[in-house]
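Just upload_7.cif here, mmCIF, C-alpha atoms:
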data_entry
loop_
_atom_site.label_atom_id
_atom_site.label_comp_id
_atom_site.auth_asym_id
_atom_site.auth_seq_id
_atom_site.Cartn_x
_atom_site.Cartn_y
_atom_site.Cartn_z
CA MET A 1 39.79 203.28 101.91
CA ILE A 2 40.14 200.58 104.55
CA THR A 3 41.17 203.16 107.13
CA ARG A 4 38.12 205.33 106.40
CA ARG A 5 35.75 202.36 106.67
CA ILE A 6 37.26 201.39 110.02
CA ARG A 7 36.83 204.95 111.32
CA ARG A 8 33.19 205.10 110.20
CA LEU A 9 32.45 201.73 111.80
CA THR A 10 34.07 202.84 115.07
CA VAL A 11 32.05 206.07 115.19
CA ALA A 12 28.82 204.18 114.49
CA LEU A 13 29.50 201.69 117.28
CA MET A 14 30.27 204.51 119.75
CA MET A 15 27.04 206.34 118.90
CA LEU A 16 25.04 203.14 119.28
CA ALA A 17 26.61 202.47 122.68
CA LEU A 18 25.89 206.02 123.91
CA ALA A 19 22.27 205.82 122.73
CA THR A 20 21.76 202.46 124.41
CA GLY A 21 23.35 203.64 127.67
CA GLY A 22 21.27 206.80 127.67
CA GLN A 23 18.05 204.83 127.27
CA ALA A 24 19.03 202.38 130.02
CA GLN A 25 20.22 204.90 132.63
CA GLY A 26 18.21 207.99 131.83
CA PRO A 27 19.34 211.59 132.52
CA SER A 28 21.28 212.17 135.76
CA VAL A 29 21.60 215.97 135.82
CA VAL A 30 20.23 217.60 138.99
CA GLN A 31 19.72 221.36 138.81
CA LEU A 32 20.25 222.78 142.30
CA VAL A 33 19.87 226.48 141.44
CA PRO A 34 18.13 227.30 138.15
CA THR A 35 19.67 229.64 135.64
CA SER A 36 18.77 233.14 136.75
CA GLY A 37 16.03 234.67 134.67
CA TRP A 38 14.72 237.14 137.21
CA GLN A 39 13.85 240.55 135.83
CA LEU A 40 13.31 243.78 137.75
CA VAL A 41 9.82 244.91 136.75
CA ARG A 42 9.38 248.13 138.73
CA THR A 43 10.42 249.93 141.91
CA GLY A 44 8.79 252.20 144.46
CA GLN A 45 9.91 254.39 147.36
CA LEU A 46 8.53 253.97 150.89
CA ASP A 47 8.90 255.81 154.18
CA VAL A 48 10.82 254.13 156.98
CA ASN A 49 7.63 253.77 159.00
CA ALA A 50 6.33 251.41 156.31
CA ILE A 51 8.81 248.79 157.56
CA ALA A 52 6.17 247.74 160.11
CA ARG A 53 4.23 246.15 157.23
CA PHE A 54 7.21 243.87 156.62
CA GLY A 55 7.71 242.86 160.25
CA GLY A 56 10.35 245.50 161.02
CA ASP A 57 10.76 248.16 163.69
CA PRO A 58 11.11 251.81 162.51
CA ALA A 59 13.15 252.81 165.57
CA VAL A 60 15.60 249.96 164.96
CA GLU A 61 15.88 250.83 161.28
CA ARG A 62 16.70 254.46 162.04
CA GLU A 63 19.32 253.49 164.59
CA TYR A 64 21.16 251.53 161.90
CA GLY A 65 20.99 254.54 159.58
CA VAL A 66 18.04 253.62 157.33
CA GLN A 67 16.44 256.79 155.92
CA LYS A 68 14.22 255.36 153.19
CA LEU A 69 13.04 252.07 151.73
CA GLU A 70 12.94 250.89 148.14
CA LEU A 71 10.45 248.19 147.19
CA ARG A 72 11.49 246.25 144.10
CA TYR A 73 9.25 243.90 142.16
CA TYR A 74 10.91 240.94 140.40
CA GLN A 75 9.37 238.45 138.02
CA ARG A 76 10.50 235.22 136.39
CA GLY A 77 7.81 233.68 134.24
CA SER A 78 4.82 233.08 136.51
CA LEU A 79 6.91 233.60 139.66
CA ARG A 80 6.79 236.96 141.42
CA ALA A 81 8.79 238.30 144.34
CA ASP A 82 8.94 241.46 146.46
CA VAL A 83 12.38 242.70 147.52
CA LEU A 84 12.69 245.45 150.12
CA ALA A 85 16.06 247.22 149.92
CA GLU A 86 17.14 249.15 153.01
CA GLU A 87 20.22 251.33 152.65
CA THR A 88 22.02 251.69 155.99
CA ALA A 89 24.85 253.91 157.20
CA ASP A 90 27.64 251.44 156.31
CA PRO A 91 28.22 247.73 155.63
CA VAL A 92 28.54 247.02 159.36
CA SER A 93 25.08 248.51 159.96
CA ALA A 94 23.60 246.30 157.23
CA TYR A 95 25.24 243.34 158.95
CA GLY A 96 23.73 244.53 162.26
CA LEU A 97 20.23 244.58 160.79
CA LEU A 98 20.76 241.05 159.50
CA THR A 99 21.77 239.79 162.95
CA PHE A 100 18.94 241.63 164.70
CA TYR A 101 16.10 240.17 162.63
CA ARG A 102 17.64 236.73 162.18
CA THR A 103 16.68 234.17 164.81
CA GLU A 104 17.70 230.62 165.69
CA ALA A 105 14.90 229.36 163.41
CA TRP A 106 16.64 230.75 160.35
CA SER A 107 19.14 228.72 158.32
CA PRO A 108 22.09 229.98 156.26
CA ALA A 109 21.64 229.87 152.49
CA LYS A 110 24.04 227.32 151.02
CA GLY A 111 26.61 228.82 148.70
CA LEU A 112 25.75 232.42 149.62
CA ASP A 113 27.54 234.74 152.03
CA MET A 114 25.50 236.77 154.53
CA ALA A 115 22.24 235.20 153.38
CA PHE A 116 19.61 233.42 155.51
CA LEU A 117 16.35 231.66 154.81
CA GLY A 118 13.38 231.92 157.13
CA PRO A 119 9.89 230.45 157.26
CA SER A 120 8.34 232.98 154.86
CA GLU A 121 11.14 235.28 153.67
CA ALA A 122 14.90 235.56 153.22
CA PHE A 123 17.53 238.08 154.35
CA LEU A 124 20.58 239.22 152.41
CA ALA A 125 23.28 241.78 153.28
CA ARG A 126 25.37 243.32 150.50
CA GLY A 127 27.46 246.42 151.07
CA ARG A 128 25.38 249.08 152.81
CA THR A 129 22.08 247.46 151.77
CA PHE A 130 19.98 244.98 153.71
CA PHE A 131 17.48 243.03 151.60
CA ARG A 132 14.21 241.35 152.61
CA ILE A 133 12.99 238.87 149.99
CA ARG A 134 9.59 237.20 149.96
CA ALA A 135 6.98 235.94 147.51
CA THR A 136 4.40 238.41 146.28
CA GLU A 137 1.10 238.01 148.06
CA GLY A 138 -0.91 235.25 146.43
CA SER A 139 2.09 233.42 144.97
CA GLU A 140 4.72 230.98 146.19
CA LEU A 141 8.49 230.82 145.80
CA PRO A 142 10.35 227.49 145.96
CA ARG A 143 13.56 227.49 147.96
CA GLU A 144 15.78 227.13 144.89
CA GLU A 145 14.07 230.11 143.26
CA ILE A 146 14.78 232.25 146.33
CA LEU A 147 18.45 231.27 146.10
CA SER A 148 18.47 232.15 142.43
CA LEU A 149 16.93 235.57 143.11
CA MET A 150 19.40 236.32 145.91
CA THR A 151 22.28 235.42 143.58
CA THR A 152 20.82 237.77 140.96
CA ILE A 153 20.57 240.61 143.48
CA GLY A 154 23.94 240.42 145.22
CA GLY A 155 26.03 237.60 143.83
CA ALA A 156 27.16 234.56 145.75
CA ARG A 157 30.31 235.73 147.51
CA LEU A 158 31.51 238.84 149.30
CA SER A 159 34.85 240.42 148.52
CA ARG A 160 37.73 240.19 150.97
CA ASP A 161 37.40 243.90 151.78
CA GLU A 162 33.71 243.49 152.64
CA THR A 163 34.29 240.55 154.97
CA ALA A 164 37.21 242.33 156.65
CA ALA A 165 34.90 245.21 157.60
CA PHE A 166 32.66 242.96 159.71
CA PRO A 167 33.39 242.51 163.43
CA ALA A 168 35.23 239.41 164.55
CA PRO A 169 32.81 236.57 165.36
CA LEU A 170 32.18 235.41 168.90
CA PRO A 171 33.86 232.18 170.08
CA GLN A 172 31.90 229.23 168.70
CA ALA A 173 32.28 226.79 171.61
CA GLY A 174 28.83 226.55 173.21
CA LEU A 175 27.36 229.37 171.11
CA ILE A 176 23.76 228.72 170.05
CA PRO A 177 23.71 229.02 166.24
CA HIS A 178 22.55 232.36 164.83
CA SER A 179 22.01 233.87 168.30
CA GLU A 180 24.59 236.62 167.71
CA LYS A 181 23.37 240.21 167.63
CA TYR A 182 25.43 243.23 166.65
CA VAL A 183 24.19 246.26 168.62
CA LEU A 184 25.12 249.87 167.84
CA GLY A 185 22.59 251.83 169.89
CA LEU A 186 20.25 251.89 172.84
CA GLU A 187 17.04 251.22 170.88
CA VAL A 188 18.30 247.87 169.63
CA ALA A 189 19.90 247.10 173.00
CA LYS A 190 16.57 247.53 174.80
CA ARG A 191 14.96 244.98 172.50
CA VAL A 192 17.81 242.49 172.66
CA LEU A 193 18.28 242.66 176.45
CA PRO A 194 15.23 244.34 178.00
CA ASP A 195 16.17 243.25 181.56
CA PHE A 196 19.72 244.62 181.53
CA ARG A 197 20.89 248.19 182.17
CA MET A 198 22.15 248.76 178.64
CA ASP A 199 22.23 252.52 179.29
CA LEU A 200 25.38 251.85 181.35
CA ILE A 201 27.24 250.47 178.35
CA GLY A 202 28.03 253.91 176.92
CA PHE A 203 26.81 253.97 173.33
CA THR A 204 27.32 257.75 173.28
CA GLN A 205 31.04 257.06 173.70
CA GLY A 206 31.23 254.83 170.64
CA ALA A 207 30.54 251.43 172.21
CA GLU A 208 29.77 248.50 169.90
CA VAL A 209 28.27 245.36 171.44
CA ARG A 210 28.21 241.73 170.32
CA VAL A 211 25.55 239.72 172.15
CA GLY A 212 25.42 235.92 172.02
CA THR A 213 23.58 233.14 173.81
CA TYR A 214 25.70 230.25 175.11
CA ALA A 215 24.66 226.85 176.39
CA THR A 216 26.11 225.97 179.82
CA PRO A 217 25.75 222.78 181.92
CA SER A 218 23.04 224.38 184.07
CA LYS A 219 21.20 226.68 181.60
CA THR A 220 21.78 229.18 178.83
CA SER A 221 23.71 232.37 179.45
CA THR A 222 24.00 235.69 177.64
CA VAL A 223 27.46 237.02 176.84
CA LEU A 224 28.25 240.63 175.93
CA ALA A 225 31.47 241.63 174.16
CA VAL A 226 31.69 245.43 174.27
CA ASN A 227 34.27 247.20 172.13
CA TYR A 228 35.22 250.78 173.00
CA PRO A 229 37.27 253.19 170.88
CA THR A 230 40.14 253.34 173.42
CA PRO A 231 41.33 251.32 176.45
CA GLN A 232 40.89 254.43 178.62
CA ILE A 233 37.15 254.58 177.87
CA ALA A 234 36.85 250.83 178.49
CA ARG A 235 38.53 251.19 181.90
CA VAL A 236 36.19 253.99 182.99
CA ARG A 237 33.06 252.18 181.77
CA PHE A 238 34.06 248.91 183.38
CA GLY A 239 34.64 250.70 186.69
CA ALA A 240 31.15 252.19 186.49
CA LEU A 241 29.64 248.78 185.71
CA GLU A 242 31.46 247.22 188.66
CA SER A 243 30.16 249.79 191.12
CA LEU A 244 26.57 249.95 189.83
CA LEU A 245 25.93 246.31 188.92
CA GLY A 246 28.12 244.50 191.41
CA ILE A 247 30.13 242.57 188.83
CA ASN A 248 31.99 239.44 189.96
CA GLN A 249 29.97 239.12 193.17
CA GLU A 250 28.50 235.67 193.83
CA ARG A 251 24.71 235.77 194.18
CA ASP A 252 21.90 233.26 194.08
CA SER A 253 20.32 234.81 190.96
CA GLY A 254 21.07 237.64 188.57
CA ALA A 255 24.83 237.40 189.02
CA ILE A 256 27.01 239.23 186.49
CA TYR A 257 30.63 238.35 185.83
CA GLY A 258 33.04 240.19 183.65
CA LYS A 259 36.55 241.29 182.79
CA ARG A 260 38.31 244.00 180.82
CA SER A 261 41.06 243.40 178.27
CA GLY A 262 42.43 246.40 176.42
CA SER A 263 39.55 248.27 174.82
CA PHE A 264 37.15 245.33 175.33
CA VAL A 265 34.78 244.58 178.20
CA PHE A 266 33.27 241.08 178.46
CA LEU A 267 30.18 240.38 180.56
CA VAL A 268 28.41 237.09 181.37
CA LEU A 269 24.83 237.26 182.66
CA ASN A 270 22.81 234.85 184.83
CA VAL A 271 25.30 232.03 185.30
CA ARG A 272 27.36 230.49 188.08
CA GLY A 273 30.85 231.73 188.79
CA SER A 274 32.63 228.57 187.61
CA GLU A 275 30.65 228.48 184.38
CA ALA A 276 31.21 232.20 183.85
CA ALA A 277 34.97 231.69 184.16
CA VAL A 278 34.87 229.06 181.42
CA LEU A 279 32.99 231.41 179.11
CA LEU A 280 35.22 234.40 179.86
CA ASP A 281 38.38 232.35 179.22
CA GLN A 282 37.28 231.92 175.59
CA PHE A 283 37.72 235.62 174.92
CA LYS A 284 41.30 236.52 174.14
CA VAL A 285 42.47 239.95 173.02
CA THR A 286 45.80 240.26 171.24
CA SER A 287 47.53 243.57 170.59
CA GLU A 288 50.10 244.50 168.01
CA VAL A 289 52.48 247.40 168.54
CA SER A 290 53.88 249.13 165.46
CA TRP A 291 57.06 251.05 166.21
CA ASN A 292 58.26 253.96 164.10
CA GLU A 293 61.21 253.09 161.89
CA ALA A 294 64.57 253.97 163.38
CA ALA A 295 66.62 256.80 161.88
CA PRO A 296 69.13 255.63 159.28
CA GLU A 297 72.68 255.03 160.47
CA PRO A 298 75.37 257.56 159.43
CA GLN A 299 77.09 255.08 157.10
CA ARG A 300 73.83 254.11 155.48
CA PHE A 301 72.87 257.77 155.09
CA ALA A 302 76.21 258.51 153.38
CA LEU A 303 75.70 255.57 151.06
CA GLU A 304 72.22 256.79 150.13
CA LEU A 305 73.64 260.28 149.49
CA VAL A 306 76.31 258.87 147.17
CA ARG A 307 73.67 256.89 145.30
CA MET A 308 71.56 260.01 144.87
CA ILE A 309 74.55 261.99 143.50
CA LEU A 310 75.41 259.20 141.07
CA SER A 311 71.79 259.10 139.91
CA VAL A 312 71.85 262.86 139.25
CA LEU A 313 75.13 262.57 137.32
CA LEU A 314 73.71 259.71 135.28
CA LEU A 315 70.67 261.82 134.44
CA VAL A 316 72.88 264.72 133.35
CA LEU A 317 74.94 262.35 131.18
CA VAL A 318 71.78 261.04 129.51
CA ILE A 319 70.56 264.58 128.77
CA VAL A 320 73.95 265.68 127.34
CA THR A 321 74.17 262.54 125.22
CA ALA A 322 70.67 263.12 123.87
CA ALA A 323 71.57 266.75 123.02
CA VAL A 324 74.75 265.70 121.19
CA ILE A 325 72.95 263.00 119.25
CA GLY A 326 70.20 265.48 118.36
CA GLY A 327 72.79 268.00 117.05
CA VAL A 328 74.53 265.36 114.96
CA LEU A 329 71.21 264.27 113.47
CA VAL A 330 70.39 267.88 112.51
CA VAL A 331 73.75 268.28 110.72
CA LEU A 332 73.40 264.96 108.90
CA SER A 333 69.83 265.74 107.87
CA ARG A 334 70.96 269.06 106.35
CA ARG A 335 73.69 267.31 104.34
CA VAL A 336 71.22 264.76 103.06
CA ALA A 337 68.84 267.56 102.11
CA ARG A 338 71.59 269.41 100.19
CA ARG A 339 72.30 266.28 98.20
CA PHE A 340 68.80 265.22 97.31
CA PHE A 341 66.87 268.49 97.80
CA PRO A 342 69.35 271.27 97.00
CA ASP A 343 66.68 273.95 96.58
CA SER A 344 64.95 273.34 99.90
CA GLY A 345 65.14 275.77 102.78
CA TRP A 346 66.38 273.07 105.15
CA ALA A 347 69.39 272.45 102.85
CA ASN A 348 70.24 276.16 102.53
CA PRO A 349 69.43 277.95 105.77
CA GLU A 350 71.50 280.97 104.68
CA ARG A 351 69.02 281.66 101.87
CA GLU A 352 66.11 282.05 104.20
CA LYS A 353 64.48 285.43 103.74
CA VAL A 354 64.12 287.82 106.61
CA ILE A 355 61.23 290.24 106.60
CA ARG A 356 62.11 293.65 107.98
CA LEU A 357 59.54 296.14 109.05
CA ASN A 358 60.79 299.75 108.70
CA LEU A 359 58.50 301.31 111.19
CA GLN A 360 58.92 304.98 112.05
#
Reformat the file's structure so that it appears as structure tokens.
Amino acid sequence: MITRRIRRLTVALMMLALATGGQAQGPSVVQLVPTSGWQLVRTGQLDVNAIARFGGDPAVEREYGVQKLELRYYQRGSLRADVLAEETADPVSAYGLLTFYRTEAWSPAKGLDMAFLGPSEAFLARGRTFFRIRATEGSELPREEILSLMTTIGGARLSRDETAAFPAPLPQAGLIPHSEKYVLGLEVAKRVLPDFRMDLIGFTQGAEVRVGTYATPSKTSTVLAVNYPTPQIARVRFGALESLLGINQERDSGAIYGKRSGSFVFLVLNVRGSEAAVLLDQFKVTSEVSWNEAAPEPQRFALELVRMILSVLLLVLVIVTAAVIGGVLVVLSRRVARRFFPDSGWANPEREKVIRLNLQ
């Protein structure tokens, strides 16, 4: 009895202390991203040309493989949002669209991969799909609600396979945040660098270009990292660029510096020679050579042959043993049947009747 009273008194004191502390301090829970309650209300199909209504460029969309648009309408209570889903050719193309439309004014969404927040909308890349998210006309979306909707659409993190498919990022030293562009064709290249002869890059030969803006002591400079399918193509294209653009020739303005490393060509635009050298030194290309396995040595081959023969003999032994055990079990089962079921056919196989057909 005394023990029970002590326990009850202890529990009462603990509850009183918690209640008093709660009244003094008040709640301290801060909800950063609300529990997702977004519901897909309806969807609609649009032509690629309709992207102009959302601030896009139809020619750019087609170059990244977009054939159609899907407009999705989401709702959460009184909140409404429009989500434009653009299916591209592959995950890299969706990533390219994200880099093309994103500018330095955009900020990455905390806790979300490949997601950015802009002044009036948000971008999200998941798999082959590029998403544009914005509030429905006449309504507003708080920042935390946009994050919640993006999490509902594509989750927070990308898988390791998805991230491995993206191109390697440009060196970060001096790179202006979010100035990277991933270019796969001439239409996008003309818009990213309208004053440069991008037709000399060789997109028809499979070139892929990373463009970034770097801050230098004198001014900003544009850097191009061009990846070709083979080193042979890179060598031919770099030779053409040298002869037509006068690469690595000191000039007062419009100088272009560059180098080739393996299947990569790196170009630096509108910068002094010393500053260009500093930028070019950041780009390192490493190669790995995978040799075919050497033929097995004669002794090792003989050992493997002996192991194979022993394995075959072991298999034969297992089969013979199983056959012997099976035969013994059949004999024993017949003896048991004769003892307990003497009139059964299994106990007296000699009594089994044979039907003969006397056909003439």
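Residue nearest Thr163 of chain A, chosen from A:Gly127, A:Gly326, A:Pro217, A:Gly118 and counting only C-alpha atoms: A:Gly127.
Summary of the local environment: counting only C-alpha atoms, residues at most 9 Å from Asp47 of chain A, other than itself and those fewer than 6 positions away along its chain, are Gln67, Lys68, Leu69 and Glu70 of chain A.
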- prompt: the PyMOL selection byres ((chain A and resi 263-269) around 10) on the file shown: which residues, as an MDAnalysis selection string?
  reply: chainID A and resid 196 201 207:214 220:235 237:238 241 247:248 253:262 270:273 275:277 279:280 283:285
query: Got a sec to check which residues sit within 7 Å of (19.4, 238.9, 166.2), counting all atoms listed in the file, and write them as number ranges by chain?
result: A: 99-103, 179-181
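For the pair atom CA of Ala115 of chain A and atom CA of Ala52 of chain A, the separation is 21.5 Å.
Coordinates place atom CA of Leu244 of chain A at a distance of 12.1 Å from atom CA of Met198 of chain A.
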field: Selection: 9 Å around Arg76 of chain A, all atoms listed in the file, excl. self and same-chain fewer than 4 positions, as a ChimeraX atom specification
entry: /A:36-39,80-81
Which centre and which edge lengths, in Å to one decimal, describe the axis-aligned box that holds all listed atoms of segment 204-221 of chain A after 6 Å is added on each side, as JSON?
{"center_x": 26.2, "center_y": 240.3, "center_z": 177.0, "size_x": 22.0, "size_y": 47.0, "size_z": 26.2}
Apply the PyMOL selection byres ((chain A and resi 143) around 12) to the displayed file and report the matching residues as an mmCIF file with C-alpha atoms, keeping the file's coordinate frame.
data_model
loop_
_atom_site.group_PDB
_atom_site.id
_atom_site.type_symbol
_atom_site.label_atom_id
_atom_site.label_comp_id
_atom_site.auth_asym_id
_atom_site.auth_seq_id
_atom_site.Cartn_x
_atom_site.Cartn_y
_atom_site.Cartn_z
ATOM 1 C CA LEU A 32 20.250 222.780 142.300
ATOM 2 C CA VAL A 33 19.870 226.480 141.440
ATOM 3 C CA PRO A 34 18.130 227.300 138.150
ATOM 4 C CA SER A 107 19.140 228.720 158.320
ATOM 5 C CA ALA A 109 21.640 229.870 152.490
ATOM 6 C CA LYS A 110 24.040 227.320 151.020
ATOM 7 C CA PHE A 116 19.610 233.420 155.510
ATOM 8 C CA LEU A 117 16.350 231.660 154.810
ATOM 9 C CA GLY A 118 13.380 231.920 157.130
ATOM 10 C CA PRO A 119 9.890 230.450 157.260
ATOM 11 C CA SER A 120 8.340 232.980 154.860
ATOM 12 C CA GLU A 121 11.140 235.280 153.670
ATOM 13 C CA ALA A 122 14.900 235.560 153.220
ATOM 14 C CA ILE A 133 12.990 238.870 149.990
ATOM 15 C CA ARG A 134 9.590 237.200 149.960
ATOM 16 C CA ALA A 135 6.980 235.940 147.510
ATOM 17 C CA GLU A 140 4.720 230.980 146.190
ATOM 18 C CA LEU A 141 8.490 230.820 145.800
ATOM 19 C CA PRO A 142 10.350 227.490 145.960
ATOM 20 C CA GLU A 144 15.780 227.130 144.890
ATOM 21 C CA GLU A 145 14.070 230.110 143.260
ATOM 22 C CA ILE A 146 14.780 232.250 146.330
ATOM 23 C CA LEU A 147 18.450 231.270 146.100
ATOM 24 C CA SER A 148 18.470 232.150 142.430
ATOM 25 C CA LEU A 149 16.930 235.570 143.110
ATOM 26 C CA MET A 150 19.400 236.320 145.910
#
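Here atom CA of Gln249 of chain A and atom CA of Ala173 of chain A stand 24.9 Å from one another.
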Please tell me which residues are no farther than 7 Å from (24.8, 244.9, 165.0) in the file, counting all atoms listed in the file, and write them as a PDB file with C-alpha atoms, in the frame of the given file.
ATOM      1  CA  SER A  93      25.080 248.510 159.960  1.00  0.00           C
ATOM      2  CA  TYR A  95      25.240 243.340 158.950  1.00  0.00           C
ATOM      3  CA  GLY A  96      23.730 244.530 162.260  1.00  0.00           C
ATOM      4  CA  LEU A  97      20.230 244.580 160.790  1.00  0.00           C
ATOM      5  CA  THR A  99      21.770 239.790 162.950  1.00  0.00           C
ATOM      6  CA  PHE A 100      18.940 241.630 164.700  1.00  0.00           C
ATOM      7  CA  LYS A 181      23.370 240.210 167.630  1.00  0.00           C
ATOM      8  CA  TYR A 182      25.430 243.230 166.650  1.00  0.00           C
ATOM      9  CA  VAL A 183      24.190 246.260 168.620  1.00  0.00           C
ATOM     10  CA  LEU A 184      25.120 249.870 167.840  1.00  0.00           C
TER      11      LEU A 184
END
- line: Using all atoms listed in the file, the best pick from A:Ser344, A:Ser159, A:Thr88, A:Thr152 as closest to Phe130 of chain A would be A:Thr88
